[in-house]
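Trainee: Contents of target13.pdb (PDB, C-alpha atoms) are below:
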```pdb
ATOM      1  CA  MET A   1     -31.007 -52.244  31.495
ATOM      2  CA  LYS A   2     -27.556 -53.659  30.680
ATOM      3  CA  ARG A   3     -28.734 -57.179  31.446
ATOM      4  CA  LYS A   4     -32.123 -56.763  29.788
ATOM      5  CA  THR A   5     -30.481 -55.480  26.600
ATOM      6  CA  ALA A   6     -27.874 -58.263  26.687
ATOM      7  CA  ARG A   7     -30.589 -60.920  26.981
ATOM      8  CA  ALA A   8     -32.523 -59.361  24.100
ATOM      9  CA  LEU A   9     -29.471 -59.237  21.814
ATOM     10  CA  LEU A  10     -28.662 -62.874  22.591
ATOM     11  CA  GLN A  11     -32.287 -63.910  22.033
ATOM     12  CA  ILE A  12     -32.427 -62.522  18.490
ATOM     13  CA  GLU A  13     -28.783 -63.514  17.814
ATOM     14  CA  ALA A  14     -27.737 -59.933  17.205
ATOM     15  CA  VAL A  15     -24.818 -61.017  19.385
ATOM     16  CA  PHE A  16     -23.722 -64.529  18.457
ATOM     17  CA  LEU A  17     -21.164 -66.356  20.630
ATOM     18  CA  ARG A  18     -19.114 -69.255  19.261
ATOM     19  CA  PRO A  19     -15.920 -69.717  21.316
ATOM     20  CA  GLU A  20     -15.359 -73.268  20.045
ATOM     21  CA  GLU A  21     -15.597 -72.224  16.384
ATOM     22  CA  PRO A  22     -14.287 -68.628  16.123
ATOM     23  CA  PHE A  23     -15.321 -66.158  13.466
ATOM     24  CA  THR A  24     -12.663 -64.429  11.372
ATOM     25  CA  TRP A  25     -12.879 -60.641  11.155
ATOM     26  CA  ALA A  26     -11.862 -58.714   8.038
ATOM     27  CA  SER A  27      -8.618 -57.846   9.847
ATOM     28  CA  GLY A  28      -7.835 -61.562  10.164
ATOM     29  CA  ILE A  29      -8.421 -61.614  13.921
ATOM     30  CA  LYS A  30     -10.149 -64.716  15.260
ATOM     31  CA  SER A  31     -13.165 -63.790  17.388
ATOM     32  CA  PRO A  32     -15.518 -65.817  19.614
ATOM     33  CA  VAL A  33     -18.278 -63.275  19.021
ATOM     34  CA  TYR A  34     -20.099 -61.804  16.064
ATOM     35  CA  CYS A  35     -22.318 -58.757  16.506
ATOM     36  CA  ASP A  36     -24.973 -57.667  13.998
ATOM     37  CA  ASN A  37     -27.253 -55.067  15.566
ATOM     38  CA  ARG A  38     -29.097 -54.650  12.261
ATOM     39  CA  LEU A  39     -31.137 -57.646  13.406
ATOM     40  CA  ILE A  40     -32.682 -55.355  16.025
ATOM     41  CA  LEU A  41     -34.519 -53.596  13.207
ATOM     42  CA  THR A  42     -36.283 -56.794  12.114
ATOM     43  CA  SER A  43     -37.452 -57.697  15.635
ATOM     44  CA  PRO A  44     -40.200 -55.159  16.499
ATOM     45  CA  GLN A  45     -40.475 -55.973  20.208
ATOM     46  CA  VAL A  46     -36.722 -55.812  20.795
ATOM     47  CA  ARG A  47     -36.422 -52.788  18.518
ATOM     48  CA  ASN A  48     -38.991 -50.862  20.536
ATOM     49  CA  MET A  49     -37.278 -51.726  23.805
ATOM     50  CA  VAL A  50     -33.791 -50.876  22.550
ATOM     51  CA  GLU A  51     -34.719 -47.584  20.891
ATOM     52  CA  GLU A  52     -36.755 -46.370  23.881
ATOM     53  CA  ALA A  53     -33.845 -47.287  26.159
ATOM     54  CA  LEU A  54     -31.377 -45.559  23.844
ATOM     55  CA  ALA A  55     -33.459 -42.393  23.852
ATOM     56  CA  GLU A  56     -33.658 -42.457  27.652
ATOM     57  CA  LEU A  57     -29.901 -43.078  27.927
ATOM     58  CA  ILE A  58     -29.247 -40.003  25.786
ATOM     59  CA  ARG A  59     -31.699 -37.878  27.782
ATOM     60  CA  GLU A  60     -30.017 -38.834  31.061
ATOM     61  CA  ASN A  61     -26.418 -38.431  29.966
ATOM     62  CA  TYR A  62     -26.678 -35.632  27.400
ATOM     63  CA  PRO A  63     -29.629 -33.492  28.558
ATOM     64  CA  ASN A  64     -28.584 -30.526  26.392
ATOM     65  CA  VAL A  65     -28.495 -32.461  23.108
ATOM     66  CA  GLN A  66     -29.995 -30.663  20.113
ATOM     67  CA  VAL A  67     -29.378 -33.117  17.269
ATOM     68  CA  LEU A  68     -28.528 -36.812  16.821
ATOM     69  CA  MET A  69     -26.000 -37.814  14.163
ATOM     70  CA  GLY A  70     -25.706 -41.449  13.069
ATOM     71  CA  THR A  71     -22.565 -43.184  11.906
ATOM     72  CA  SER A  72     -22.653 -44.645   8.414
ATOM     73  CA  THR A  73     -24.269 -47.007   7.943
ATOM     74  CA  ALA A  74     -25.225 -49.052  10.991
ATOM     75  CA  GLY A  75     -25.871 -46.111  13.286
ATOM     76  CA  ILE A  76     -28.259 -44.325  10.914
ATOM     77  CA  PRO A  77     -31.536 -46.180  11.641
ATOM     78  CA  HIS A  78     -30.960 -46.135  15.397
ATOM     79  CA  ALA A  79     -30.241 -42.404  15.316
ATOM     80  CA  ALA A  80     -33.400 -41.850  13.252
ATOM     81  CA  ILE A  81     -35.687 -43.831  15.564
ATOM     82  CA  ALA A  82     -34.221 -42.383  18.774
ATOM     83  CA  ALA A  83     -34.479 -38.854  17.335
ATOM     84  CA  HIS A  84     -38.138 -39.511  16.464
ATOM     85  CA  ILE A  85     -38.851 -40.650  20.023
ATOM     86  CA  MET A  86     -37.059 -37.595  21.437
ATOM     87  CA  GLY A  87     -38.546 -35.117  18.967
ATOM     88  CA  LEU A  88     -35.080 -34.075  17.787
ATOM     89  CA  PRO A  89     -33.576 -33.413  14.340
ATOM     90  CA  MET A  90     -31.322 -36.116  12.969
ATOM     91  CA  GLY A  91     -28.614 -36.480  10.360
ATOM     92  CA  TYR A  92     -25.705 -38.746   9.599
ATOM     93  CA  VAL A  93     -22.077 -38.674   8.525
ATOM     94  CA  ARG A  94     -20.960 -40.510   5.406
ATOM     95  CA  SER A  95     -17.777 -42.582   5.451
ATOM     96  CA  GLY A  96     -16.546 -40.332   2.631
ATOM     97  CA  SER A  97     -17.669 -37.220   0.779
ATOM     98  CA  LYS A  98     -20.036 -37.627  -2.171
ATOM     99  CA  ASP A  99     -18.398 -37.249  -5.581
ATOM    100  CA  HIS A 100     -21.383 -35.376  -7.009
ATOM    101  CA  GLY A 101     -23.829 -32.575  -6.175
ATOM    102  CA  ARG A 102     -22.651 -30.507  -3.213
ATOM    103  CA  LYS A 103     -20.134 -33.233  -2.306
ATOM    104  CA  LYS A 104     -21.303 -33.272   1.292
ATOM    105  CA  GLN A 105     -20.128 -35.721   3.911
ATOM    106  CA  ILE A 106     -22.641 -34.631   6.546
ATOM    107  CA  GLU A 107     -26.258 -35.294   5.574
ATOM    108  CA  GLY A 108     -28.983 -33.266   7.248
ATOM    109  CA  ARG A 109     -28.881 -29.718   8.566
ATOM    110  CA  LEU A 110     -26.173 -29.013  11.134
ATOM    111  CA  GLU A 111     -25.727 -25.533  12.582
ATOM    112  CA  ARG A 112     -22.388 -24.296  13.934
ATOM    113  CA  GLY A 113     -22.310 -24.648  17.711
ATOM    114  CA  GLN A 114     -25.198 -27.119  17.714
ATOM    115  CA  LYS A 115     -24.914 -29.705  20.501
ATOM    116  CA  ALA A 116     -24.736 -33.122  18.871
ATOM    117  CA  VAL A 117     -24.642 -36.720  20.068
ATOM    118  CA  VAL A 118     -23.253 -39.408  17.781
ATOM    119  CA  VAL A 119     -25.284 -42.642  17.660
ATOM    120  CA  GLU A 120     -23.371 -45.855  16.936
ATOM    121  CA  ASP A 121     -24.660 -49.419  16.960
ATOM    122  CA  LEU A 122     -21.487 -50.910  18.453
ATOM    123  CA  ILE A 123     -18.046 -49.823  19.603
ATOM    124  CA  SER A 124     -15.017 -52.068  19.050
ATOM    125  CA  THR A 125     -11.863 -50.168  18.084
ATOM    126  CA  ALA A 126     -13.979 -46.966  17.929
ATOM    127  CA  SER A 127     -12.400 -45.851  14.639
ATOM    128  CA  SER A 128     -15.679 -45.060  12.835
ATOM    129  CA  ALA A 129     -17.207 -43.299  15.849
ATOM    130  CA  VAL A 130     -14.102 -41.165  16.471
ATOM    131  CA  ASN A 131     -13.875 -40.312  12.776
ATOM    132  CA  THR A 132     -17.522 -39.219  12.818
ATOM    133  CA  VAL A 133     -16.932 -37.010  15.865
ATOM    134  CA  GLU A 134     -13.906 -35.361  14.241
ATOM    135  CA  ILE A 135     -15.855 -34.600  11.051
ATOM    136  CA  LEU A 136     -18.677 -33.031  13.066
ATOM    137  CA  ARG A 137     -16.220 -30.973  15.109
ATOM    138  CA  GLU A 138     -14.571 -29.700  11.939
ATOM    139  CA  ALA A 139     -18.035 -28.605  10.763
ATOM    140  CA  GLY A 140     -18.449 -26.569  13.955
ATOM    141  CA  ALA A 141     -20.645 -28.909  16.000
ATOM    142  CA  ASP A 142     -20.329 -29.134  19.770
ATOM    143  CA  VAL A 143     -20.161 -32.924  20.104
ATOM    144  CA  LEU A 144     -21.290 -33.939  23.584
ATOM    145  CA  GLY A 145     -20.350 -37.591  23.135
ATOM    146  CA  ILE A 146     -21.387 -40.950  21.726
ATOM    147  CA  ALA A 147     -24.353 -43.175  22.561
ATOM    148  CA  SER A 148     -24.089 -46.814  21.465
ATOM    149  CA  ILE A 149     -26.072 -49.994  21.866
ATOM    150  CA  PHE A 150     -23.148 -52.345  22.536
ATOM    151  CA  THR A 151     -19.486 -51.893  23.375
ATOM    152  CA  TYR A 152     -16.723 -54.479  23.447
ATOM    153  CA  GLY A 153     -14.743 -52.425  25.971
ATOM    154  CA  MET A 154     -11.535 -53.068  24.038
ATOM    155  CA  LYS A 155      -8.389 -51.298  25.195
ATOM    156  CA  LYS A 156      -7.726 -49.873  21.736
ATOM    157  CA  GLY A 157     -11.219 -48.398  21.551
ATOM    158  CA  LYS A 158     -10.984 -46.861  25.019
ATOM    159  CA  GLU A 159      -7.584 -45.337  24.279
ATOM    160  CA  ARG A 160      -8.748 -43.940  20.962
ATOM    161  CA  MET A 161     -11.726 -42.206  22.568
ATOM    162  CA  GLU A 162      -9.658 -40.888  25.472
ATOM    163  CA  GLU A 163      -7.107 -39.392  23.067
ATOM    164  CA  ALA A 164      -9.912 -37.646  21.189
ATOM    165  CA  GLY A 165     -11.580 -36.486  24.412
ATOM    166  CA  ILE A 166     -14.799 -38.358  23.658
ATOM    167  CA  LYS A 167     -17.288 -39.834  26.123
ATOM    168  CA  ASN A 168     -19.209 -42.982  25.217
ATOM    169  CA  ILE A 169     -22.220 -44.500  26.949
ATOM    170  CA  SER A 170     -23.663 -47.886  25.970
ATOM    171  CA  LEU A 171     -26.851 -49.799  26.684
ATOM    172  CA  THR A 172     -24.860 -52.964  27.323
ATOM    173  CA  ASP A 173     -21.341 -54.332  27.036
ATOM    174  CA  PHE A 174     -19.298 -57.419  26.240
ATOM    175  CA  ASP A 175     -18.856 -58.498  29.869
ATOM    176  CA  THR A 176     -22.599 -58.344  30.581
ATOM    177  CA  VAL A 177     -23.413 -60.329  27.438
ATOM    178  CA  ALA A 178     -20.877 -63.008  28.445
ATOM    179  CA  GLU A 179     -22.364 -63.269  31.950
ATOM    180  CA  GLU A 180     -25.933 -63.487  30.634
ATOM    181  CA  ALA A 181     -24.922 -66.085  28.048
ATOM    182  CA  ALA A 182     -23.382 -68.265  30.756
ATOM    183  CA  ALA A 183     -26.356 -67.780  33.081
ATOM    184  CA  SER A 184     -28.735 -69.003  30.368
ATOM    185  CA  GLY A 185     -26.576 -72.002  29.449
ATOM    186  CA  TYR A 186     -25.769 -70.585  26.022
ATOM    187  CA  ILE A 187     -22.062 -70.985  26.835
ATOM    188  CA  ASP A 188     -20.215 -72.727  29.668
ATOM    189  CA  LYS A 189     -19.283 -70.600  32.665
ATOM    190  CA  GLU A 190     -15.640 -71.525  32.011
ATOM    191  CA  ASP A 191     -15.939 -69.748  28.654
ATOM    192  CA  ILE A 192     -16.384 -66.349  30.317
ATOM    193  CA  ALA A 193     -12.653 -66.172  31.090
ATOM    194  CA  ARG A 194     -11.859 -67.036  27.465
ATOM    195  CA  LEU A 195     -14.164 -64.311  26.186
ATOM    196  CA  ILE A 196     -12.685 -61.705  28.522
ATOM    197  CA  SER A 197      -9.180 -62.772  27.478
ATOM    198  CA  PHE A 198     -10.138 -62.106  23.856
ATOM    199  CA  ARG A 199     -11.668 -58.756  24.824
ATOM    200  CA  ASP A 200      -8.490 -57.691  26.622
ATOM    201  CA  ASN A 201      -6.180 -58.601  23.725
ATOM    202  CA  PRO A 202      -7.898 -59.669  20.460
ATOM    203  CA  GLU A 203      -4.566 -60.283  18.729
ATOM    204  CA  ASP A 204      -3.530 -62.925  21.281
ATOM    205  CA  GLU A 205      -5.158 -66.178  20.184
ATOM    206  CA  SER A 206      -4.189 -68.179  23.261
ATOM    207  CA  TRP A 207      -7.833 -68.054  24.426
ATOM    208  CA  ILE A 208      -8.744 -70.410  21.567
ATOM    209  CA  ARG A 209      -6.618 -73.241  22.975
ATOM    210  CA  ARG A 210      -7.970 -73.096  26.536
TER     211      ARG A 210
END
```
Kindly present the structure from the file in structure tokens form.
Mentor:
Amino acid sequence: MKRKTARALLQIEAVFLRPEEPFTWASGIKSPVYCDNRLILTSPQVRNMVEEALAELIRENYPNVQVLMGTSTAGIPHAAIAAHIMGLPMGYVRSGSKDHGRKKQIEGRLERGQKAVVVEDLISTASSAVNTVEILREAGADVLGIASIFTYGMKKGKERMEEAGIKNISLTDFDTVAEEAAASGYIDKEDIARLISFRDNPEDESWIRR
């Protein structure tokens, strides 16, 4: 499934690799990869495959789940579709509380003690996913873990989740995407080492000059 998902994401350019002409993230970091899993939603065949696989991944790893909670905003549609497939309730967590009405940050009904799984489209530094988990815990939810479509496997993200005591499972990861991209001729095999070097330390730009 890791390889099948990686090939699908590359096919629809939800994951776009450009080691010779790096992208610049909002943080200023130069990156050989750009990930936009929203493109999954506009590709029905890939969307069906990904959401069915995501639902199965959650069933296998979090069999006691009672509700799916999406991260705002990219995780919301994936949480909604997976919850529909699984016949589960779904909600999402805003990045901040509303300034009107009941000023809620959690949308949808969430009972205290309810076993929740957070759905995220991708994990990089894991800040949004961890923040979502903490908000749900404060509201009394029993958060079983996170389910994501793609993870970079960055050290900072891993450390952040370990510190918070959070488990994450992903359909595919950065290493698998790099291997599939090289196998298909999308990038040179020599570029795999450059991509992994970026993954291991995004702030070190020496990979660009290789």
Trainee: Could you tell me how far CA of Asp36 (chain A) lies from CA of Glu205 (chain A), in Å and to one decimal?
Mentor: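 It comes out at 22.4 Å.
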Trainee: Ranking A:Thr172, A:Ser206, A:Ser184, A:Thr71 by minimum distance to Asn131 (chain A) and counting only C-alpha atoms, which one comes first?
Mentor: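 Ranked by minimum distance to Asn131 (chain A), first place goes to A:Thr71.
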Trainee: Leu17 (chain A): which residues within 12 Å, counting only C-alpha atoms, same-chain residues fewer than 5 positions away excluded, as a VMD selection string?
Mentor: chain A and resid 9 to 11 22 to 23 31 to 36 174 177 to 182 185 to 188 191 to 192 194 to 195
Trainee: Provide an axis-aligned box for all listed atoms of region 49-55 of chain A, padding each side by 4 Å; report its centre and its edge lengths in Å to one decimal, as JSON.
Mentor:
```
{"center_x": -34.3, "center_y": -47.1, "center_z": 23.5, "size_x": 13.9, "size_y": 17.3, "size_z": 13.3}
```
Trainee: Given the file above and the PyMOL selection byres ((chain A and resi 5) around 10), which residues are selected, and can you give them as a ChimeraX atom specification?
Mentor: /A:1-4,6-11,46,49-50,53,149-150,171-173,176-177
Trainee: Quick one, how far is CA of Val65 (chain A) from CA of Lys104 (chain A)?
Mentor: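 Separating CA of Val65 (chain A) from CA of Lys104 (chain A) is a distance of 23.0 Å.
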Trainee: Restricting the calculation to all atoms listed in the file: of A:Ile123, A:Ala139, A:Ala80, A:Ala183, which residue gets closest to Lys158 (chain A)?
Mentor: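 Smallest separation from Lys158 (chain A) among the options: A:Ile123.
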Trainee: CA of Ile135 (chain A) to CA of Ala82 (chain A): how many Å, to one decimal?
Mentor: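 These atoms are spaced 21.4 Å apart.
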Trainee: Spell out the residues picked by the PyMOL selection byres ((chain A and resi 108) around 12) here, as a list of chain:residue names.
Mentor: A:Val67, A:Leu68, A:Met69, A:Gly70, A:Ile76, A:Ala80, A:Pro89, A:Met90, A:Gly91, A:Tyr92, A:Val93, A:Arg94, A:Lys104, A:Gln105, A:Ile106, A:Glu107, A:Arg109, A:Leu110, A:Glu111, A:Leu136
Trainee: Under the rule that only C-alpha atoms are counted, which of A:Ala26, A:Gln45, A:Pro19, A:Val119 is the nearest residue to Glu190 (chain A)?
Mentor: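 Ranking A:Ala26, A:Gln45, A:Pro19, A:Val119 by distance to Glu190 (chain A), first place goes to A:Pro19.
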Trainee: Set the distance at 12 Å and use only C-alpha atoms: which residues neighbour Ile58 (chain A) once local chain neighbours fewer than 4 positions away are removed? I'd like the list as an NGL selection string.
Mentor: :A and (51-54 or 62-68 or 79 or 82-83 or 85-86 or 88 or 116-119 or 144-149 or 167-171)
Trainee: Residues picked by the PyMOL selection byres ((chain A and resi 202) around 12) here, as a ChimeraX atom specification?
Mentor: /A:22,24-25,27-33,124-125,152-157,194-201,203-208
Trainee: Kindly export the residues of the current selection with C-alpha atoms, as a PDB file, in the frame of the given file.
Mentor:
```pdb
ATOM      1  CA  PRO A  22     -14.287 -68.628  16.123  1.00  0.00           C
ATOM      2  CA  THR A  24     -12.663 -64.429  11.372  1.00  0.00           C
ATOM      3  CA  TRP A  25     -12.879 -60.641  11.155  1.00  0.00           C
ATOM      4  CA  SER A  27      -8.618 -57.846   9.847  1.00  0.00           C
ATOM      5  CA  GLY A  28      -7.835 -61.562  10.164  1.00  0.00           C
ATOM      6  CA  ILE A  29      -8.421 -61.614  13.921  1.00  0.00           C
ATOM      7  CA  LYS A  30     -10.149 -64.716  15.260  1.00  0.00           C
ATOM      8  CA  SER A  31     -13.165 -63.790  17.388  1.00  0.00           C
ATOM      9  CA  PRO A  32     -15.518 -65.817  19.614  1.00  0.00           C
ATOM     10  CA  VAL A  33     -18.278 -63.275  19.021  1.00  0.00           C
ATOM     11  CA  SER A 124     -15.017 -52.068  19.050  1.00  0.00           C
ATOM     12  CA  THR A 125     -11.863 -50.168  18.084  1.00  0.00           C
ATOM     13  CA  TYR A 152     -16.723 -54.479  23.447  1.00  0.00           C
ATOM     14  CA  GLY A 153     -14.743 -52.425  25.971  1.00  0.00           C
ATOM     15  CA  MET A 154     -11.535 -53.068  24.038  1.00  0.00           C
ATOM     16  CA  LYS A 155      -8.389 -51.298  25.195  1.00  0.00           C
ATOM     17  CA  LYS A 156      -7.726 -49.873  21.736  1.00  0.00           C
ATOM     18  CA  GLY A 157     -11.219 -48.398  21.551  1.00  0.00           C
ATOM     19  CA  ARG A 194     -11.859 -67.036  27.465  1.00  0.00           C
ATOM     20  CA  LEU A 195     -14.164 -64.311  26.186  1.00  0.00           C
ATOM     21  CA  ILE A 196     -12.685 -61.705  28.522  1.00  0.00           C
ATOM     22  CA  SER A 197      -9.180 -62.772  27.478  1.00  0.00           C
ATOM     23  CA  PHE A 198     -10.138 -62.106  23.856  1.00  0.00           C
ATOM     24  CA  ARG A 199     -11.668 -58.756  24.824  1.00  0.00           C
ATOM     25  CA  ASP A 200      -8.490 -57.691  26.622  1.00  0.00           C
ATOM     26  CA  ASN A 201      -6.180 -58.601  23.725  1.00  0.00           C
ATOM     27  CA  GLU A 203      -4.566 -60.283  18.729  1.00  0.00           C
ATOM     28  CA  ASP A 204      -3.530 -62.925  21.281  1.00  0.00           C
ATOM     29  CA  GLU A 205      -5.158 -66.178  20.184  1.00  0.00           C
ATOM     30  CA  SER A 206      -4.189 -68.179  23.261  1.00  0.00           C
ATOM     31  CA  TRP A 207      -7.833 -68.054  24.426  1.00  0.00           C
ATOM     32  CA  ILE A 208      -8.744 -70.410  21.567  1.00  0.00           C
TER      33      ILE A 208
END
```
Trainee: Step by step: start from the point (-33.5, -50.8, 16.6) in the file's coordinates, keep every protein, DNA or RNA residue that has an atom no farther than 9 Å from it, count only C-alpha atoms, and write the set as a short mmCIF file (atom, residue, chain, number, x, y, z; two decimals) with C-alpha atoms, in the frame of the given file.
Mentor:
```
data_model
loop_
_atom_site.label_atom_id
_atom_site.label_comp_id
_atom_site.auth_asym_id
_atom_site.auth_seq_id
_atom_site.Cartn_x
_atom_site.Cartn_y
_atom_site.Cartn_z
CA ASN A 37 -27.25 -55.07 15.57
CA ARG A 38 -29.10 -54.65 12.26
CA LEU A 39 -31.14 -57.65 13.41
CA ILE A 40 -32.68 -55.36 16.02
CA LEU A 41 -34.52 -53.60 13.21
CA THR A 42 -36.28 -56.79 12.11
CA SER A 43 -37.45 -57.70 15.64
CA PRO A 44 -40.20 -55.16 16.50
CA VAL A 46 -36.72 -55.81 20.80
CA ARG A 47 -36.42 -52.79 18.52
CA ASN A 48 -38.99 -50.86 20.54
CA MET A 49 -37.28 -51.73 23.80
CA VAL A 50 -33.79 -50.88 22.55
CA GLU A 51 -34.72 -47.58 20.89
CA PRO A 77 -31.54 -46.18 11.64
CA HIS A 78 -30.96 -46.14 15.40
CA ILE A 81 -35.69 -43.83 15.56
CA ALA A 82 -34.22 -42.38 18.77
CA ASP A 121 -24.66 -49.42 16.96
#
```
